[in-house]
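Down below is the structure, laid out as structure tokens.
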Amino acid sequence: MSEMLTKSAARNIFYGGSAFFFAVFIGLAAHSHYYAATVSTDVAGLTESVERGKRIWEKHACVDCHSILGEGAYFAPELGNVFVRYGGDKDAKGAREALKAWMQAQPTGIEGRRQMPQFHLNDKELDDLVDFLAWTNKIKTQNWPPKVSG
Amino acid sequence: MKYESQSIAKWYWFVAMALFAVQVTVGVLAGYVYVAPNFLSELLPFNIIRMLHTNALIVWLLLGFFGAAYYLIPEESEREIYSPKLAYLQLVILVIGAGGAVVGYLFRIHEGREFLEQPLWVKLGIIVAALIFLFNISMTVLAGRKTAITNVLLLGLWGIAVFFLFSLYNPANLVLDKMYWWWVVHLWVEGVWELVMASVLAFILLKLTGVDREVVEKWLYVIVATSLFTGVLGTGHHYYWIGTPGYWQWIGSIFSSLEVIPFFAMVVFSFMMVWKGKRDHPNKAALLWSLGCAVLAFFGAGVWGFMHTLHPVNYYTHGTQVTAAHGHLAFFGAYVALNLAIMTYAFPHLLKRSPYNQVLNMASFWVMTSAMAFMTFTLTFAGAVQTHLQRVLGMNFMEVQDQLALFYWMRLGSGIVVVLGALMWLYAMLGPKAASTELAGQAAPAE
């Protein structure tokens with residue numbers, strides 16, 4: 001190895017190869033960006049209320065307990081498909097009311113059970129948040145998660 | 001210590017050590033909330049505890065890297081740091097930012113993307129500090145001797161700054177948000193951070209073993225080449241289920257399986273260097289941490305990463321305690337151990353002593369490492385059970401969590417031992433030192 005590969009050859013392989021793989025990555029990422037912005041998400045449905053819902057999701061750092069599409073903390077349930085878990089595919093209005101009622105009922109205070117804080121969201125904010133979760137549930141995720149349980 | 005400005009590193013590392021203590025302490029708190037969920041649930045909810053735990057970790061590791069750069073670049077470039085004043089200004093900005101973030105989190109002042117919860121002003125402060133840092137070390141490196149170690153380190157540090165810029169991009173479309181979020185998270189820890197890790201490890205081994213620089217530097221290029229060749233497209237393993245195209249399942253599976261190569265190469269490289277090296281360096285603790293770093297990174301990042309990276313496996317394990325197991329050992333092995341290695345190596349030089357408190361330091365290695373390994377095993381078992389119950393049988397999340405209680409108790413136990421190990425290490429570094437380690441006059445230990 002010592003005769004076959006000099007330091008400068010190793011250096012050139014490192015720089016050249018890294019540039020090559022990075023260029024391939026950028027190309028694929030550009031395509032994935034296009035795909036995410038046109039194919040896998042409901043672009044028409046990405047309303048202002050969905051965006052407001054996302055900002056509420058961020059404002060209260062929900063991702064530091066819950067996961068969304070499998071990413072986040074693993075302390076509380078997956079929420080990427082929570083809308084369907086609450087029956088939103090069959091009864092959207094019922095799921096919305098159930099989710100809002102759940103958030104308003106927190107914390108449960110039950111001894112030995114994980115507690116979700118009360119974030120004091122008003123009715124409009126709760127609707128926005130549910131809009132965001134309903135929109136997220138429509139993302140084409142290659143059929144993940146395997147079960148409705150998330 | 002040959003150059004006066006190397007002592008800048010000491011101050012970065014003092015702050016890093018303080019945040020290390022915060023990180024592990026808050027980690028135990030989070031582990032306790034897992035088994036006693038009502039504890040502090042109103043005063044300090046779990047999401048705040050977790051962001052303190054993760055953010056303190058990231059910031060102290062970065063401070064450790066900055067310190068490592070300020071320590072090793074003068075020796076490699078054979079000159080003083082371009083501007084020590086700028087280096088201290090950078091530290092002040094980072095301390096204000098980190099302190100502001102920690103206090104702010106306690107009062108619910110934060111943003112809401114995982115690991116990037118810092119308020120905007122802190123993010124901008126980090127960017128300003130990074131620019132000062134890059135200017136300062138680039139000026140030093142450009143004016144001095146150029147080595148593979150400085151080339152790779154500099155590229156890694158520039159990459160850290162460039163990819164952090166994507167933390168400012170937060171579109172309304174969740175899929176795009178997630179796609180570019182990984183450009184910070186993955187391209188850091190499985191990309192440019194590996195360049196920092198390999199170059200710092202190469203520097204320590206060069207000093208400890210006395211192996212020929214040409215050999216070390218050639219291997220350094222080979223290893224970091226395999227890091228980026230596999231790690232960049234390995235990003236694909238995060239693009240399986242977030243609304244990105246299906247081809248990532250192939251690209252991600254193949255390239256991220258190969259991500260084990262650089263970690264394996266680092267193990268082979270470091271043991272070969274020690275085996276071939278003729279120098280009998282007195283700092284045995286630094287050697288232990290360096291070899292430990294390579295081995296633990298191989299298991300934590302390499303083996304535990306591979307375990308759930310193939311897409312048919314990840315379909316079931318994604319976002320379970322398996323991920324948590326991998327995350328804990330990977331960060332400990334690759335980056336915590338690296339920082340503790342360079343600090344263990346450099347502090348005797350910075351304090352103008354021969355290596356001190358070696359036995360305690362080495363004991364802390366075994367205590368921390370065993371506890372982290374035990375934590376990883378318990379979380380892996382928890383993850384396997386969770387995957388089966390939740391992802392195969394479709395049981396409800398909270399019912400499954402109740403089944404995992406025993407594992408969470410054992411994780412808490414191992415976490416407490418990690419804190420004890422960390423305190424032992426901090427005491428070994430900062431506590432009283434034997435008078436016999438004081439160096440008289442010009443005598444310096446072998447570097």
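Following the order of the structure tokens, first chain is A, next is B, and so on, with residues numbered from 1 inside each chain and ligands from 1 in the order they appear.
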
May I ask you to extract the residues of chain B within 6 Å of chain A, using only C-alpha atoms, and to give them as a PDB file with all heavy atoms, in the first residue's frame?
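What ended up in selection.pdb:
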ATOM      1  N   PRO B  37     -43.108  10.166  35.745  1.00  0.00           N
ATOM      2  CA  PRO B  37     -43.514  11.191  34.777  1.00  0.00           C
ATOM      3  C   PRO B  37     -44.167  12.429  35.375  1.00  0.00           C
ATOM      4  O   PRO B  37     -44.259  13.444  34.693  1.00  0.00           O
ATOM      5  CB  PRO B  37     -44.480  10.457  33.847  1.00  0.00           C
ATOM      6  CG  PRO B  37     -44.831   9.198  34.518  1.00  0.00           C
ATOM      7  CD  PRO B  37     -43.803   8.886  35.527  1.00  0.00           C
ATOM      8  N   ASN B  47     -40.193  18.448  27.293  1.00  0.00           N
ATOM      9  CA  ASN B  47     -39.609  19.013  26.070  1.00  0.00           C
ATOM     10  C   ASN B  47     -38.485  20.009  26.384  1.00  0.00           C
ATOM     11  O   ASN B  47     -37.482  20.067  25.679  1.00  0.00           O
ATOM     12  CB  ASN B  47     -40.692  19.620  25.160  1.00  0.00           C
ATOM     13  CG  ASN B  47     -41.452  20.754  25.806  1.00  0.00           C
ATOM     14  OD1 ASN B  47     -41.442  20.911  27.019  1.00  0.00           O
ATOM     15  ND2 ASN B  47     -42.128  21.554  24.990  1.00  0.00           N
ATOM     16  N   GLU B 111     -37.123  28.289  19.800  1.00  0.00           N
ATOM     17  CA  GLU B 111     -37.786  27.934  18.559  1.00  0.00           C
ATOM     18  C   GLU B 111     -38.172  26.468  18.655  1.00  0.00           C
ATOM     19  O   GLU B 111     -38.017  25.855  19.715  1.00  0.00           O
ATOM     20  CB  GLU B 111     -36.857  28.214  17.369  1.00  0.00           C
ATOM     21  CG  GLU B 111     -36.624  29.710  17.171  1.00  0.00           C
ATOM     22  CD  GLU B 111     -35.914  30.053  15.877  1.00  0.00           C
ATOM     23  OE1 GLU B 111     -35.601  29.146  15.087  1.00  0.00           O
ATOM     24  OE2 GLU B 111     -35.674  31.245  15.662  1.00  0.00           O
ATOM     25  N   GLY B 112     -38.661  25.890  17.559  1.00  0.00           N
ATOM     26  CA  GLY B 112     -39.277  24.584  17.747  1.00  0.00           C
ATOM     27  C   GLY B 112     -38.850  23.477  16.821  1.00  0.00           C
ATOM     28  O   GLY B 112     -39.604  22.538  16.587  1.00  0.00           O
ATOM     29  N   ALA B 172     -42.724  26.472   5.056  1.00  0.00           N
ATOM     30  CA  ALA B 172     -44.021  26.001   5.566  1.00  0.00           C
ATOM     31  C   ALA B 172     -44.239  24.529   5.227  1.00  0.00           C
ATOM     32  O   ALA B 172     -44.922  23.818   5.962  1.00  0.00           O
ATOM     33  CB  ALA B 172     -45.143  26.845   4.980  1.00  0.00           C
ATOM     34  N   LYS B 218      -1.238  10.297   5.198  1.00  0.00           N
ATOM     35  CA  LYS B 218      -1.822   9.562   4.072  1.00  0.00           C
ATOM     36  C   LYS B 218      -3.075   8.823   4.526  1.00  0.00           C
ATOM     37  O   LYS B 218      -4.118   8.887   3.884  1.00  0.00           O
ATOM     38  CB  LYS B 218      -0.796   8.573   3.503  1.00  0.00           C
ATOM     39  CG  LYS B 218      -1.323   7.815   2.294  1.00  0.00           C
ATOM     40  CD  LYS B 218      -0.243   6.996   1.654  1.00  0.00           C
ATOM     41  CE  LYS B 218       0.030   5.752   2.482  1.00  0.00           C
ATOM     42  NZ  LYS B 218       1.113   4.946   1.884  1.00  0.00           N
ATOM     43  N   TYR B 221      -6.089  11.082   4.968  1.00  0.00           N
ATOM     44  CA  TYR B 221      -6.824  11.371   3.734  1.00  0.00           C
ATOM     45  C   TYR B 221      -7.674  10.183   3.301  1.00  0.00           C
ATOM     46  O   TYR B 221      -8.811  10.342   2.855  1.00  0.00           O
ATOM     47  CB  TYR B 221      -5.851  11.748   2.613  1.00  0.00           C
ATOM     48  CG  TYR B 221      -5.411  13.195   2.649  1.00  0.00           C
ATOM     49  CD1 TYR B 221      -4.056  13.536   2.651  1.00  0.00           C
ATOM     50  CD2 TYR B 221      -6.347  14.215   2.669  1.00  0.00           C
ATOM     51  CE1 TYR B 221      -3.654  14.865   2.676  1.00  0.00           C
ATOM     52  CE2 TYR B 221      -5.953  15.550   2.698  1.00  0.00           C
ATOM     53  CZ  TYR B 221      -4.604  15.868   2.696  1.00  0.00           C
ATOM     54  OH  TYR B 221      -4.215  17.177   2.724  1.00  0.00           O
ATOM     55  N   VAL B 222      -7.121   8.983   3.429  1.00  0.00           N
ATOM     56  CA  VAL B 222      -7.887   7.800   3.022  1.00  0.00           C
ATOM     57  C   VAL B 222      -9.151   7.675   3.877  1.00  0.00           C
ATOM     58  O   VAL B 222     -10.251   7.438   3.369  1.00  0.00           O
ATOM     59  CB  VAL B 222      -7.021   6.521   3.138  1.00  0.00           C
ATOM     60  CG1 VAL B 222      -7.866   5.273   2.918  1.00  0.00           C
ATOM     61  CG2 VAL B 222      -5.865   6.571   2.146  1.00  0.00           C
ATOM     62  N   ALA B 225     -11.688  10.389   3.197  1.00  0.00           N
ATOM     63  CA  ALA B 225     -12.304  10.150   1.881  1.00  0.00           C
ATOM     64  C   ALA B 225     -13.450   9.157   2.040  1.00  0.00           C
ATOM     65  O   ALA B 225     -14.568   9.400   1.566  1.00  0.00           O
ATOM     66  CB  ALA B 225     -11.262   9.622   0.891  1.00  0.00           C
ATOM     67  N   LEU B 228     -16.607  10.857   3.663  1.00  0.00           N
ATOM     68  CA  LEU B 228     -17.473  11.683   2.830  1.00  0.00           C
ATOM     69  C   LEU B 228     -18.067  10.889   1.664  1.00  0.00           C
ATOM     70  O   LEU B 228     -19.214  11.130   1.279  1.00  0.00           O
ATOM     71  CB  LEU B 228     -16.722  12.910   2.311  1.00  0.00           C
ATOM     72  CG  LEU B 228     -16.347  13.957   3.362  1.00  0.00           C
ATOM     73  CD1 LEU B 228     -15.848  15.239   2.704  1.00  0.00           C
ATOM     74  CD2 LEU B 228     -17.504  14.298   4.292  1.00  0.00           C
ATOM     75  N   PHE B 229     -17.321   9.947   1.118  1.00  0.00           N
ATOM     76  CA  PHE B 229     -17.871   9.156   0.006  1.00  0.00           C
ATOM     77  C   PHE B 229     -19.130   8.419   0.464  1.00  0.00           C
ATOM     78  O   PHE B 229     -20.070   8.235  -0.293  1.00  0.00           O
ATOM     79  CB  PHE B 229     -16.859   8.128  -0.521  1.00  0.00           C
ATOM     80  CG  PHE B 229     -15.645   8.717  -1.197  1.00  0.00           C
ATOM     81  CD1 PHE B 229     -15.460  10.102  -1.246  1.00  0.00           C
ATOM     82  CD2 PHE B 229     -14.688   7.903  -1.777  1.00  0.00           C
ATOM     83  CE1 PHE B 229     -14.342  10.652  -1.860  1.00  0.00           C
ATOM     84  CE2 PHE B 229     -13.567   8.453  -2.401  1.00  0.00           C
ATOM     85  CZ  PHE B 229     -13.388   9.814  -2.434  1.00  0.00           C
ATOM     86  N   LEU B 233     -23.968  10.714   0.627  1.00  0.00           N
ATOM     87  CA  LEU B 233     -25.151  10.038   0.085  1.00  0.00           C
ATOM     88  C   LEU B 233     -25.851   9.209   1.163  1.00  0.00           C
ATOM     89  O   LEU B 233     -27.025   8.871   1.028  1.00  0.00           O
ATOM     90  CB  LEU B 233     -24.762   9.163  -1.114  1.00  0.00           C
ATOM     91  CG  LEU B 233     -24.465   9.971  -2.392  1.00  0.00           C
ATOM     92  CD1 LEU B 233     -23.980   9.065  -3.505  1.00  0.00           C
ATOM     93  CD2 LEU B 233     -25.688  10.750  -2.845  1.00  0.00           C
ATOM     94  N   TRP B 241     -38.813   8.010   4.803  1.00  0.00           N
ATOM     95  CA  TRP B 241     -40.245   8.075   5.152  1.00  0.00           C
ATOM     96  C   TRP B 241     -40.740   9.494   5.394  1.00  0.00           C
ATOM     97  O   TRP B 241     -41.715   9.703   6.095  1.00  0.00           O
ATOM     98  CB  TRP B 241     -40.529   7.230   6.420  1.00  0.00           C
ATOM     99  CG  TRP B 241     -39.690   6.013   6.577  1.00  0.00           C
ATOM    100  CD1 TRP B 241     -38.778   5.769   7.558  1.00  0.00           C
ATOM    101  CD2 TRP B 241     -39.678   4.853   5.736  1.00  0.00           C
ATOM    102  NE1 TRP B 241     -38.184   4.542   7.373  1.00  0.00           N
ATOM    103  CE2 TRP B 241     -38.720   3.959   6.254  1.00  0.00           C
ATOM    104  CE3 TRP B 241     -40.379   4.490   4.584  1.00  0.00           C
ATOM    105  CZ2 TRP B 241     -38.443   2.729   5.669  1.00  0.00           C
ATOM    106  CZ3 TRP B 241     -40.096   3.265   3.995  1.00  0.00           C
ATOM    107  CH2 TRP B 241     -39.145   2.406   4.546  1.00  0.00           C
ATOM    108  N   ILE B 242     -40.060  10.473   4.868  1.00  0.00           N
ATOM    109  CA  ILE B 242     -40.484  11.856   5.174  1.00  0.00           C
ATOM    110  C   ILE B 242     -41.081  12.564   3.964  1.00  0.00           C
ATOM    111  O   ILE B 242     -41.141  13.791   3.929  1.00  0.00           O
ATOM    112  CB  ILE B 242     -39.304  12.681   5.745  1.00  0.00           C
ATOM    113  CG1 ILE B 242     -38.164  12.784   4.719  1.00  0.00           C
ATOM    114  CG2 ILE B 242     -38.821  12.111   7.072  1.00  0.00           C
ATOM    115  CD1 ILE B 242     -37.116  13.841   5.087  1.00  0.00           C
ATOM    116  N   GLY B 243     -41.495  11.797   2.954  1.00  0.00           N
ATOM    117  CA  GLY B 243     -42.120  12.424   1.790  1.00  0.00           C
ATOM    118  C   GLY B 243     -41.147  12.687   0.661  1.00  0.00           C
ATOM    119  O   GLY B 243     -41.434  13.473  -0.233  1.00  0.00           O
ATOM    120  N   THR B 244     -40.001  12.025   0.707  1.00  0.00           N
ATOM    121  CA  THR B 244     -39.001  12.155  -0.352  1.00  0.00           C
ATOM    122  C   THR B 244     -39.102  10.924  -1.273  1.00  0.00           C
ATOM    123  O   THR B 244     -39.712   9.921  -0.892  1.00  0.00           O
ATOM    124  CB  THR B 244     -37.598  12.279   0.282  1.00  0.00           C
ATOM    125  OG1 THR B 244     -37.612  11.611   1.537  1.00  0.00           O
ATOM    126  CG2 THR B 244     -37.240  13.736   0.530  1.00  0.00           C
ATOM    127  N   HIS B 318     -37.812   2.801  12.782  1.00  0.00           N
ATOM    128  CA  HIS B 318     -37.679   4.257  12.677  1.00  0.00           C
ATOM    129  C   HIS B 318     -38.411   4.979  13.817  1.00  0.00           C
ATOM    130  O   HIS B 318     -39.605   4.771  14.034  1.00  0.00           O
ATOM    131  CB  HIS B 318     -38.273   4.685  11.329  1.00  0.00           C
ATOM    132  CG  HIS B 318     -38.246   6.156  11.069  1.00  0.00           C
ATOM    133  ND1 HIS B 318     -37.119   6.925  11.220  1.00  0.00           N
ATOM    134  CD2 HIS B 318     -39.218   7.016  10.653  1.00  0.00           C
ATOM    135  CE1 HIS B 318     -37.389   8.186  10.899  1.00  0.00           C
ATOM    136  NE2 HIS B 318     -38.658   8.260  10.567  1.00  0.00           N
ATOM    137  N   GLY B 319     -37.662   5.811  14.548  1.00  0.00           N
ATOM    138  CA  GLY B 319     -38.295   6.600  15.595  1.00  0.00           C
ATOM    139  C   GLY B 319     -38.699   5.800  16.822  1.00  0.00           C
ATOM    140  O   GLY B 319     -39.665   6.129  17.503  1.00  0.00           O
ATOM    141  N   ARG B 391     -45.073  -1.674  16.194  1.00  0.00           N
ATOM    142  CA  ARG B 391     -44.983  -1.609  14.739  1.00  0.00           C
ATOM    143  C   ARG B 391     -45.428  -2.903  14.066  1.00  0.00           C
ATOM    144  O   ARG B 391     -45.777  -2.912  12.902  1.00  0.00           O
ATOM    145  CB  ARG B 391     -43.543  -1.278  14.330  1.00  0.00           C
ATOM    146  CG  ARG B 391     -43.074   0.092  14.795  1.00  0.00           C
ATOM    147  CD  ARG B 391     -43.698   1.170  13.953  1.00  0.00           C
ATOM    148  NE  ARG B 391     -43.570   2.509  14.506  1.00  0.00           N
ATOM    149  CZ  ARG B 391     -42.437   3.219  14.562  1.00  0.00           C
ATOM    150  NH1 ARG B 391     -41.312   2.698  14.151  1.00  0.00           N
ATOM    151  NH2 ARG B 391     -42.451   4.446  15.034  1.00  0.00           N
ATOM    152  N   GLY B 394     -49.148  -3.489  16.401  1.00  0.00           N
ATOM    153  CA  GLY B 394     -50.007  -2.308  16.318  1.00  0.00           C
ATOM    154  C   GLY B 394     -50.603  -1.863  17.638  1.00  0.00           C
ATOM    155  O   GLY B 394     -51.654  -1.243  17.678  1.00  0.00           O
ATOM    156  N   ASN B 396     -51.077   0.365  21.012  1.00  0.00           N
ATOM    157  CA  ASN B 396     -51.071   1.788  21.292  1.00  0.00           C
ATOM    158  C   ASN B 396     -49.756   2.241  21.963  1.00  0.00           C
ATOM    159  O   ASN B 396     -49.206   1.534  22.799  1.00  0.00           O
ATOM    160  CB  ASN B 396     -52.282   2.045  22.205  1.00  0.00           C
ATOM    161  CG  ASN B 396     -52.265   3.379  22.860  1.00  0.00           C
ATOM    162  OD1 ASN B 396     -51.504   3.614  23.788  1.00  0.00           O
ATOM    163  ND2 ASN B 396     -53.104   4.259  22.364  1.00  0.00           N
ATOM    164  N   PHE B 397     -49.257   3.423  21.568  1.00  0.00           N
ATOM    165  CA  PHE B 397     -47.946   3.910  22.022  1.00  0.00           C
ATOM    166  C   PHE B 397     -47.791   3.867  23.543  1.00  0.00           C
ATOM    167  O   PHE B 397     -46.801   3.346  24.063  1.00  0.00           O
ATOM    168  CB  PHE B 397     -47.724   5.339  21.512  1.00  0.00           C
ATOM    169  CG  PHE B 397     -46.435   5.967  21.969  1.00  0.00           C
ATOM    170  CD1 PHE B 397     -45.270   5.806  21.233  1.00  0.00           C
ATOM    171  CD2 PHE B 397     -46.376   6.724  23.141  1.00  0.00           C
ATOM    172  CE1 PHE B 397     -44.072   6.384  21.648  1.00  0.00           C
ATOM    173  CE2 PHE B 397     -45.186   7.297  23.564  1.00  0.00           C
ATOM    174  CZ  PHE B 397     -44.031   7.128  22.814  1.00  0.00           C
TER     175      PHE B 397
END

Spatial neighbours of Leu288 (chain B), 9 Å, only C-alpha atoms, chain gap at least 6 places, as a list in words: Ala341, Met362 and Phe365 of chain B

Expected file contents, prior selection, C-alpha atoms, as a tab-separated table (two decimals), in the first residue's frame:
chain	number	residue	atom	x	y	z
B	341	ALA	CA	-9.11	12.54	24.64
B	362	MET	CA	-8.52	6.04	33.28
B	365	PHE	CA	-13.06	6.08	31.17

Non-local contacts of region 82-88 of chain A (8 Å; only C-alpha atoms; under 5 positions in same chain excluded) as a list in words: Lys93, Gly94, Ala95, Arg96, Ala98, Leu99, Val130, Leu133, Ala134, Asn137, Val148, Ser149 and Gly150 of chain A

Distance criterion (only C-alpha atoms): nearest to Ala92 (chain A) out of A:Thr108, A:Glu125, A:Ala30, A:Asp131: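 Ranked by minimum distance to Ala92 (chain A), first place goes to A:Asp131.
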
DSSP-assigned strand (DSSP E) among region 7-148 of chain A, expressed as a ChimeraX atom specification: /A:67-68,71-72

Neighbour list for Gly415 (chain B) as number ranges by chain, cut-off 10 Å, only C-alpha atoms, skip fewer than 3 positions in-chain: B: 24-25, 27-32, 368, 371-372, 374-375, 409-412, 418-421

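Counting from CA of Ala69 (chain B), the distance to CA of Glu117 (chain B) is 26.1 Å.
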
Neighbours of region 188-190 of chain B within 8 Å (only C-alpha atoms; same-chain residues fewer than 3 positions away dropped), as a PDB file with N, CA and C atoms, in the first residue's frame?
ATOM      1  N   GLY B 159     -17.074  23.398   6.869  1.00  0.00           N
ATOM      2  CA  GLY B 159     -18.309  22.663   6.576  1.00  0.00           C
ATOM      3  C   GLY B 159     -19.333  22.839   7.692  1.00  0.00           C
ATOM      4  N   ILE B 160     -18.882  22.800   8.934  1.00  0.00           N
ATOM      5  CA  ILE B 160     -19.794  22.996  10.074  1.00  0.00           C
ATOM      6  C   ILE B 160     -20.513  24.331   9.932  1.00  0.00           C
ATOM      7  N   PHE B 163     -22.956  24.409   6.673  1.00  0.00           N
ATOM      8  CA  PHE B 163     -24.208  23.656   6.794  1.00  0.00           C
ATOM      9  C   PHE B 163     -25.112  24.218   7.880  1.00  0.00           C
ATOM     10  N   TRP B 183     -29.590  18.585   6.530  1.00  0.00           N
ATOM     11  CA  TRP B 183     -28.321  19.119   6.032  1.00  0.00           C
ATOM     12  C   TRP B 183     -27.506  19.687   7.182  1.00  0.00           C
ATOM     13  N   VAL B 184     -28.163  20.177   8.205  1.00  0.00           N
ATOM     14  CA  VAL B 184     -27.433  20.571   9.401  1.00  0.00           C
ATOM     15  C   VAL B 184     -27.090  19.314  10.199  1.00  0.00           C
ATOM     16  N   VAL B 185     -28.107  18.503  10.490  1.00  0.00           N
ATOM     17  CA  VAL B 185     -27.915  17.447  11.483  1.00  0.00           C
ATOM     18  C   VAL B 185     -27.061  16.294  10.946  1.00  0.00           C
ATOM     19  N   TRP B 193     -18.250  16.637  10.849  1.00  0.00           N
ATOM     20  CA  TRP B 193     -17.712  16.368  12.201  1.00  0.00           C
ATOM     21  C   TRP B 193     -16.707  15.218  12.155  1.00  0.00           C
ATOM     22  N   GLU B 194     -16.933  14.276  11.229  1.00  0.00           N
ATOM     23  CA  GLU B 194     -15.991  13.158  11.115  1.00  0.00           C
ATOM     24  C   GLU B 194     -14.622  13.638  10.644  1.00  0.00           C
ATOM     25  N   SER B 227     -15.135   8.612   4.666  1.00  0.00           N
ATOM     26  CA  SER B 227     -16.205   9.263   5.439  1.00  0.00           C
ATOM     27  C   SER B 227     -17.154  10.005   4.523  1.00  0.00           C
ATOM     28  N   GLY B 231     -20.784   9.059   3.651  1.00  0.00           N
ATOM     29  CA  GLY B 231     -21.653   9.839   4.530  1.00  0.00           C
ATOM     30  C   GLY B 231     -22.563  10.811   3.803  1.00  0.00           C
ATOM     31  N   VAL B 232     -22.085  11.396   2.707  1.00  0.00           N
ATOM     32  CA  VAL B 232     -22.900  12.411   2.029  1.00  0.00           C
ATOM     33  C   VAL B 232     -24.144  11.763   1.431  1.00  0.00           C
TER      34      VAL B 232
END
